[in-house]
Amino acid sequence: MQQNYLIRATALDGKVRAFAANTTGILEELRGRHHTSPVATAALGRTLTAGAMMGAMMKGEEKLTVQVKGDGPLGQIVVDANAKGDLRGYVDDPTVDLPLNEKGKLDVRGAVGMDGFIYIIKDLGMKEPYRGSTPIVSGELGDDFTYYFAKSEQTPSAVALGVLVDIDSSVKASGGFIIQLMPGMTDEEIGELEVRLSQLPPITSMLDEGKQLEQILEELLEGVEVKERMELQFRCKCSQERVEQTLVSLGREELQSLLEEQGQAEVVCHFCNEAYHFDEQQLQALIYKTT
Ligand code: ZN
C-alpha cells in the first residue's frame with residue numbers, strides 16, 4: 001500500500017478545491033529520527049500533513065515553512081514543505097509525555113498549548129518571504145489551520161488532520177484533508193457538505209482501513225475530479241558541505257577556540273537529527289578556509 005502521497009482535486013463543478021494527504025510513512029521516519037513520544041508524534045504529524053497540503057498549493061521552486069508556537073510543553077513545531085512533496089520537520093521537545101485527555105485520546109492540545117500563534121512563511125522566490133499568522137484557537141491543530149485559512153487567506157475551509165499511534169508507539173496512520181469553498185456555492189450545497197463532514201469517520205480510521213484518498217474525498221463531495229496525484233517524501237537539505245559552510249561562516253576566531261577547547265566539533269541538524277563530525281584535522285582545514 002502506498003503510504004506517502006497527496007491528491008489535489010476539484011468537486012461540484014470547480015466550486016470546491018480539495019487536498020488530501022497520507023503522510024504515514026514520513027511521520028514514521030520523523031519519529032525514528034527524533035524519537036518523538038506518542039503525543040509529540042501526533043502533534044508533529046498533524047502539522048506535517050497540513051504542511052504537505054499547503055506545499056501542494058505552491059508552484060515550482062516555492063517553499064513553505066509552518067511554525068506552530070504554542071505555550072505548551074512541546075515548544076514549537078516546525079515543518080518545511082514545497083511543491084515537489086519534500087517534507088521535513090521537528091518539535092522542540094520530542095520527549096513530552098502527557099496523560100490521555102478526557103476522550104481517551106493523545107492530548108495534542110495539552111502538548112501544543114492554547115495560547116500562541118501559527119506562522120506560515122512562504123518563500124515565493126521574491127526578496128522578502130510572505131508571512132502570515134493567526135492565533136491558536138484550539139490547540140488540536142485542525143481547527144487552528146481552518147482558522148488560519150479563513151482569517152489569513154480569506155478562504156473558507158474545512159481542515160481535518162489525524163494521527164493514529166500504535167501500542168508500540170509506531171505510526172499506524174497519519175493524514176488529512178483540506179476542503180476549500182470557492183465562490184458560487186449555494187447555501188444548500190454548503191449545508192450538505194457540513195452534514196457529510198459531520199458524519200465522516202475519523203480520517204485515521206479510514207486510512208487504517210486501507211482507503212485511498214480518492215475514495216475519502218468521494219465520500220464527502222459530489223463530482224470529484226482528481227487533478228494531480230503526487231508522491232510525498234522525507235527530504236532534508238542538510239549536507240556535509242552546507243554544514244562546513246556554516247562552520248566557516250562562524251569565523252576564524254570562533255573555530256580556533258572550538259579547536260582549542262574541544263579538539264573537534266559536532267553539528268546536529270535540527271530538522272533531521274543527522275550528526276556531522278569534524279575532527280582536529282578537518283577543523284584545521286576549515287580554519288584555513290576562513291582566511
Ligand atoms: Zn538535516
# chains A, B, ... in the order shown; residues from 1 in each chain; ligands from 1
$ select_by_dssp --residues "segment 175-261 of chain A" --states "helix (DSSP H, G or I)" --output "MDAnalysis selection string"
chainID A and resid 187:199 203:208 213:220 240:249 252:261
$ residues_near_ligand --ligand "ligand 1" --cutoff "8 Å" --atoms "only C-alpha atoms and all ligand atoms" --output "NGL selection string"
:A and (236-239 or 268-274)
$ select_by_dssp --residues "segment 34-182 of chain A" --states "strand (DSSP E)" --output "ChimeraX atom specification"
/A:63-70,76-82,86-91,116-123,130-135,157-165,171-181
$ closest_residue --among "A:Tyr276, A:Phe234, A:Tyr5, A:Phe145" --to "Gln212 of chain A" --atoms "only C-alpha atoms"
A:Tyr5
$ residues_around --residues "segment 56-58 of chain A" --least-positions-apart "3" --cutoff "9 Å" --atoms "only C-alpha atoms" --output "number ranges by chain"
A: 6-8, 19, 51-53, 61-64, 81-85, 122, 124, 230
$ write_last_selection --atoms "all heavy atoms" --output "compact mmCIF listing (two decimals), in the first residue's frame"
# COMPACT_ATOMS: atom_id res chain seq x y z
N LEU A 6 -0.26 12.41 -2.02
CA LEU A 6 -1.20 13.52 -1.87
C LEU A 6 -2.01 13.65 -3.15
O LEU A 6 -1.48 13.38 -4.24
CB LEU A 6 -0.36 14.79 -1.64
CG LEU A 6 -1.05 16.13 -1.52
CD1 LEU A 6 -0.29 17.00 -0.54
CD2 LEU A 6 -1.13 16.85 -2.86
N ILE A 7 -3.26 14.02 -3.02
CA ILE A 7 -4.03 14.32 -4.22
C ILE A 7 -4.61 15.73 -4.14
O ILE A 7 -4.91 16.24 -3.07
CB ILE A 7 -5.16 13.30 -4.51
CG1 ILE A 7 -6.16 13.23 -3.35
CG2 ILE A 7 -4.59 11.92 -4.82
CD1 ILE A 7 -7.42 12.43 -3.69
N ARG A 8 -4.72 16.32 -5.31
CA ARG A 8 -5.31 17.65 -5.44
C ARG A 8 -6.51 17.45 -6.37
O ARG A 8 -6.38 16.81 -7.41
CB ARG A 8 -4.29 18.58 -6.11
CG ARG A 8 -4.65 20.03 -6.16
CD ARG A 8 -3.41 20.84 -6.57
NE ARG A 8 -2.89 20.48 -7.88
CZ ARG A 8 -3.40 20.91 -9.04
NH1 ARG A 8 -4.45 21.71 -9.06
NH2 ARG A 8 -2.86 20.55 -10.19
N PHE A 19 -7.76 18.97 -1.11
CA PHE A 19 -6.46 18.33 -0.99
C PHE A 19 -6.61 17.20 0.03
O PHE A 19 -7.31 17.37 1.02
CB PHE A 19 -5.40 19.31 -0.48
CG PHE A 19 -5.15 20.47 -1.39
CD1 PHE A 19 -5.96 21.60 -1.33
CD2 PHE A 19 -4.12 20.43 -2.32
CE1 PHE A 19 -5.75 22.67 -2.19
CE2 PHE A 19 -3.89 21.50 -3.18
CZ PHE A 19 -4.71 22.62 -3.11
N GLY A 51 1.21 20.89 6.41
CA GLY A 51 2.31 21.43 5.63
C GLY A 51 2.39 20.81 4.24
O GLY A 51 2.60 21.50 3.24
N ALA A 52 2.19 19.49 4.17
CA ALA A 52 2.24 18.79 2.88
C ALA A 52 1.20 19.36 1.92
O ALA A 52 1.47 19.61 0.75
CB ALA A 52 2.01 17.30 3.08
N MET A 53 -0.01 19.59 2.44
CA MET A 53 -1.09 20.07 1.58
C MET A 53 -0.88 21.54 1.21
O MET A 53 -1.17 21.95 0.09
CB MET A 53 -2.44 19.85 2.27
CG MET A 53 -2.76 18.36 2.42
SD MET A 53 -4.42 18.02 3.01
CE MET A 53 -4.28 18.43 4.75
N GLU A 61 9.53 26.27 -7.66
CA GLU A 61 10.58 26.24 -6.63
C GLU A 61 10.12 26.86 -5.31
O GLU A 61 10.92 27.04 -4.39
CB GLU A 61 11.83 26.98 -7.13
CG GLU A 61 12.47 26.39 -8.37
CD GLU A 61 12.97 24.97 -8.16
OE1 GLU A 61 13.60 24.71 -7.12
OE2 GLU A 61 12.71 24.11 -9.03
N GLU A 62 8.87 27.26 -5.22
CA GLU A 62 8.39 27.91 -4.00
C GLU A 62 8.46 26.97 -2.80
O GLU A 62 8.29 25.76 -2.94
CB GLU A 62 6.94 28.40 -4.20
CG GLU A 62 6.82 29.49 -5.25
CD GLU A 62 5.39 29.86 -5.58
OE1 GLU A 62 4.44 29.25 -5.01
OE2 GLU A 62 5.20 30.76 -6.40
N LYS A 63 8.70 27.56 -1.62
CA LYS A 63 8.83 26.76 -0.40
C LYS A 63 7.97 27.34 0.71
O LYS A 63 7.61 28.52 0.67
CB LYS A 63 10.28 26.77 0.09
CG LYS A 63 11.25 26.09 -0.82
CD LYS A 63 12.65 26.14 -0.25
CE LYS A 63 13.21 27.54 -0.20
NZ LYS A 63 14.65 27.63 -0.48
N LEU A 64 7.72 26.52 1.70
CA LEU A 64 6.83 26.94 2.77
C LEU A 64 7.33 26.40 4.11
O LEU A 64 7.81 25.27 4.18
CB LEU A 64 5.46 26.35 2.46
CG LEU A 64 4.37 26.45 3.49
CD1 LEU A 64 3.35 27.47 3.01
CD2 LEU A 64 3.67 25.12 3.66
N ALA A 81 7.97 22.44 3.76
CA ALA A 81 7.34 21.72 2.64
C ALA A 81 7.59 22.50 1.36
O ALA A 81 7.97 23.67 1.40
CB ALA A 81 5.84 21.59 2.89
N ASN A 82 7.36 21.84 0.23
CA ASN A 82 7.44 22.55 -1.05
C ASN A 82 6.47 21.92 -2.04
O ASN A 82 5.72 21.01 -1.70
CB ASN A 82 8.88 22.58 -1.58
CG ASN A 82 9.43 21.18 -1.86
OD1 ASN A 82 8.68 20.23 -2.04
ND2 ASN A 82 10.74 21.08 -1.91
N ALA A 83 6.51 22.45 -3.27
CA ALA A 83 5.56 22.00 -4.29
C ALA A 83 5.92 20.62 -4.84
O ALA A 83 5.14 20.02 -5.59
CB ALA A 83 5.51 23.03 -5.42
N LYS A 84 7.12 20.11 -4.49
CA LYS A 84 7.54 18.81 -5.02
C LYS A 84 7.26 17.66 -4.05
O LYS A 84 7.66 16.53 -4.30
CB LYS A 84 9.05 18.85 -5.30
CG LYS A 84 9.42 19.85 -6.38
CD LYS A 84 10.91 20.10 -6.37
CE LYS A 84 11.23 21.30 -7.26
NZ LYS A 84 12.55 21.86 -6.96
N GLY A 85 6.64 18.00 -2.93
CA GLY A 85 6.31 16.95 -1.96
C GLY A 85 7.43 16.61 -1.00
O GLY A 85 7.37 15.59 -0.31
N LYS A 122 6.11 31.83 3.49
CA LYS A 122 6.18 31.33 2.11
C LYS A 122 7.32 32.01 1.39
O LYS A 122 7.35 33.23 1.29
CB LYS A 122 4.87 31.62 1.37
CG LYS A 122 3.67 30.87 1.89
CD LYS A 122 2.44 31.21 1.08
CE LYS A 122 1.20 30.57 1.70
NZ LYS A 122 -0.03 31.03 1.03
N LEU A 124 8.48 32.72 -1.96
CA LEU A 124 7.93 32.71 -3.32
C LEU A 124 8.98 33.13 -4.34
O LEU A 124 8.66 33.52 -5.46
CB LEU A 124 6.71 33.65 -3.39
CG LEU A 124 5.60 33.37 -2.36
CD1 LEU A 124 4.54 34.46 -2.40
CD2 LEU A 124 4.95 32.01 -2.59
N MET A 230 0.46 13.11 -6.33
CA MET A 230 1.90 13.19 -6.23
C MET A 230 2.45 12.46 -5.02
O MET A 230 1.76 12.29 -4.01
CB MET A 230 2.37 14.65 -6.21
CG MET A 230 1.95 15.45 -5.00
SD MET A 230 2.36 17.20 -5.23
CE MET A 230 3.84 17.30 -4.25
$ decode --residues "segment 21-33 of chain A" --atoms "all heavy atoms" --output "compact mmCIF listing (two decimals), in the first residue's frame"
# COMPACT_ATOMS: atom_id res chain seq x y z
N ALA A 21 -4.01 14.09 1.96
CA ALA A 21 -2.65 13.56 2.05
C ALA A 21 -2.58 12.40 3.02
O ALA A 21 -3.26 12.37 4.04
CB ALA A 21 -1.69 14.66 2.50
N ASN A 22 -1.73 11.45 2.66
CA ASN A 22 -1.39 10.35 3.56
C ASN A 22 0.11 10.49 3.85
O ASN A 22 0.93 10.39 2.95
CB ASN A 22 -1.69 9.01 2.87
CG ASN A 22 -1.46 7.82 3.79
OD1 ASN A 22 -0.74 7.92 4.79
ND2 ASN A 22 -2.08 6.71 3.48
N THR A 23 0.44 10.76 5.11
CA THR A 23 1.83 11.03 5.49
C THR A 23 2.37 9.98 6.46
O THR A 23 3.34 10.22 7.17
CB THR A 23 1.95 12.42 6.14
OG1 THR A 23 1.06 12.48 7.28
CG2 THR A 23 1.59 13.54 5.19
N THR A 24 1.71 8.81 6.48
CA THR A 24 2.03 7.78 7.47
C THR A 24 3.53 7.41 7.48
O THR A 24 4.17 7.41 8.54
CB THR A 24 1.20 6.51 7.18
OG1 THR A 24 -0.18 6.88 7.13
CG2 THR A 24 1.41 5.45 8.26
N GLY A 25 4.08 7.13 6.32
CA GLY A 25 5.47 6.68 6.24
C GLY A 25 6.46 7.78 6.61
O GLY A 25 7.47 7.53 7.26
N ILE A 26 6.16 9.01 6.20
CA ILE A 26 7.06 10.13 6.51
C ILE A 26 7.06 10.41 8.00
O ILE A 26 8.11 10.64 8.61
CB ILE A 26 6.67 11.40 5.72
CG1 ILE A 26 6.79 11.11 4.23
CG2 ILE A 26 7.57 12.57 6.10
CD1 ILE A 26 6.21 12.17 3.35
N LEU A 27 5.88 10.35 8.61
CA LEU A 27 5.82 10.60 10.06
C LEU A 27 6.58 9.52 10.82
O LEU A 27 7.27 9.81 11.80
CB LEU A 27 4.36 10.68 10.52
CG LEU A 27 4.18 11.01 12.00
CD1 LEU A 27 4.84 12.33 12.37
CD2 LEU A 27 2.70 11.05 12.37
N GLU A 28 6.49 8.28 10.33
CA GLU A 28 7.23 7.19 10.99
C GLU A 28 8.75 7.45 10.86
O GLU A 28 9.51 7.21 11.80
CB GLU A 28 6.83 5.84 10.38
CG GLU A 28 7.56 4.63 10.94
CD GLU A 28 7.36 4.38 12.44
OE1 GLU A 28 6.51 5.01 13.08
OE2 GLU A 28 8.12 3.53 12.97
N GLU A 29 9.16 7.95 9.71
CA GLU A 29 10.58 8.32 9.51
C GLU A 29 10.98 9.43 10.51
O GLU A 29 12.03 9.35 11.15
CB GLU A 29 10.76 8.80 8.06
CG GLU A 29 12.07 9.54 7.79
CD GLU A 29 13.17 8.64 7.26
OE1 GLU A 29 12.84 7.67 6.55
OE2 GLU A 29 14.35 8.91 7.56
N LEU A 30 10.14 10.44 10.66
CA LEU A 30 10.46 11.54 11.59
C LEU A 30 10.48 11.04 13.03
O LEU A 30 11.32 11.44 13.83
CB LEU A 30 9.42 12.68 11.47
CG LEU A 30 9.36 13.43 10.14
CD1 LEU A 30 8.39 14.60 10.23
CD2 LEU A 30 10.73 13.95 9.73
N ARG A 31 9.56 10.13 13.35
CA ARG A 31 9.53 9.58 14.70
C ARG A 31 10.84 8.85 14.99
O ARG A 31 11.42 9.00 16.07
CB ARG A 31 8.36 8.60 14.85
CG ARG A 31 8.21 8.04 16.25
CD ARG A 31 7.12 6.98 16.30
NE ARG A 31 7.56 5.71 15.75
CZ ARG A 31 8.16 4.74 16.45
NH1 ARG A 31 8.38 4.89 17.74
NH2 ARG A 31 8.52 3.61 15.86
N GLY A 32 11.32 8.08 14.02
CA GLY A 32 12.57 7.35 14.19
C GLY A 32 13.76 8.28 14.36
O GLY A 32 14.66 8.02 15.16
N ARG A 33 13.76 9.36 13.62
CA ARG A 33 14.88 10.30 13.68
C ARG A 33 14.88 11.12 14.97
O ARG A 33 15.93 11.39 15.54
CB ARG A 33 14.82 11.27 12.49
CG ARG A 33 15.22 10.61 11.19
CD ARG A 33 15.13 11.58 10.03
NE ARG A 33 15.72 10.97 8.85
CZ ARG A 33 17.01 11.04 8.55
NH1 ARG A 33 17.84 11.74 9.29
NH2 ARG A 33 17.47 10.42 7.47
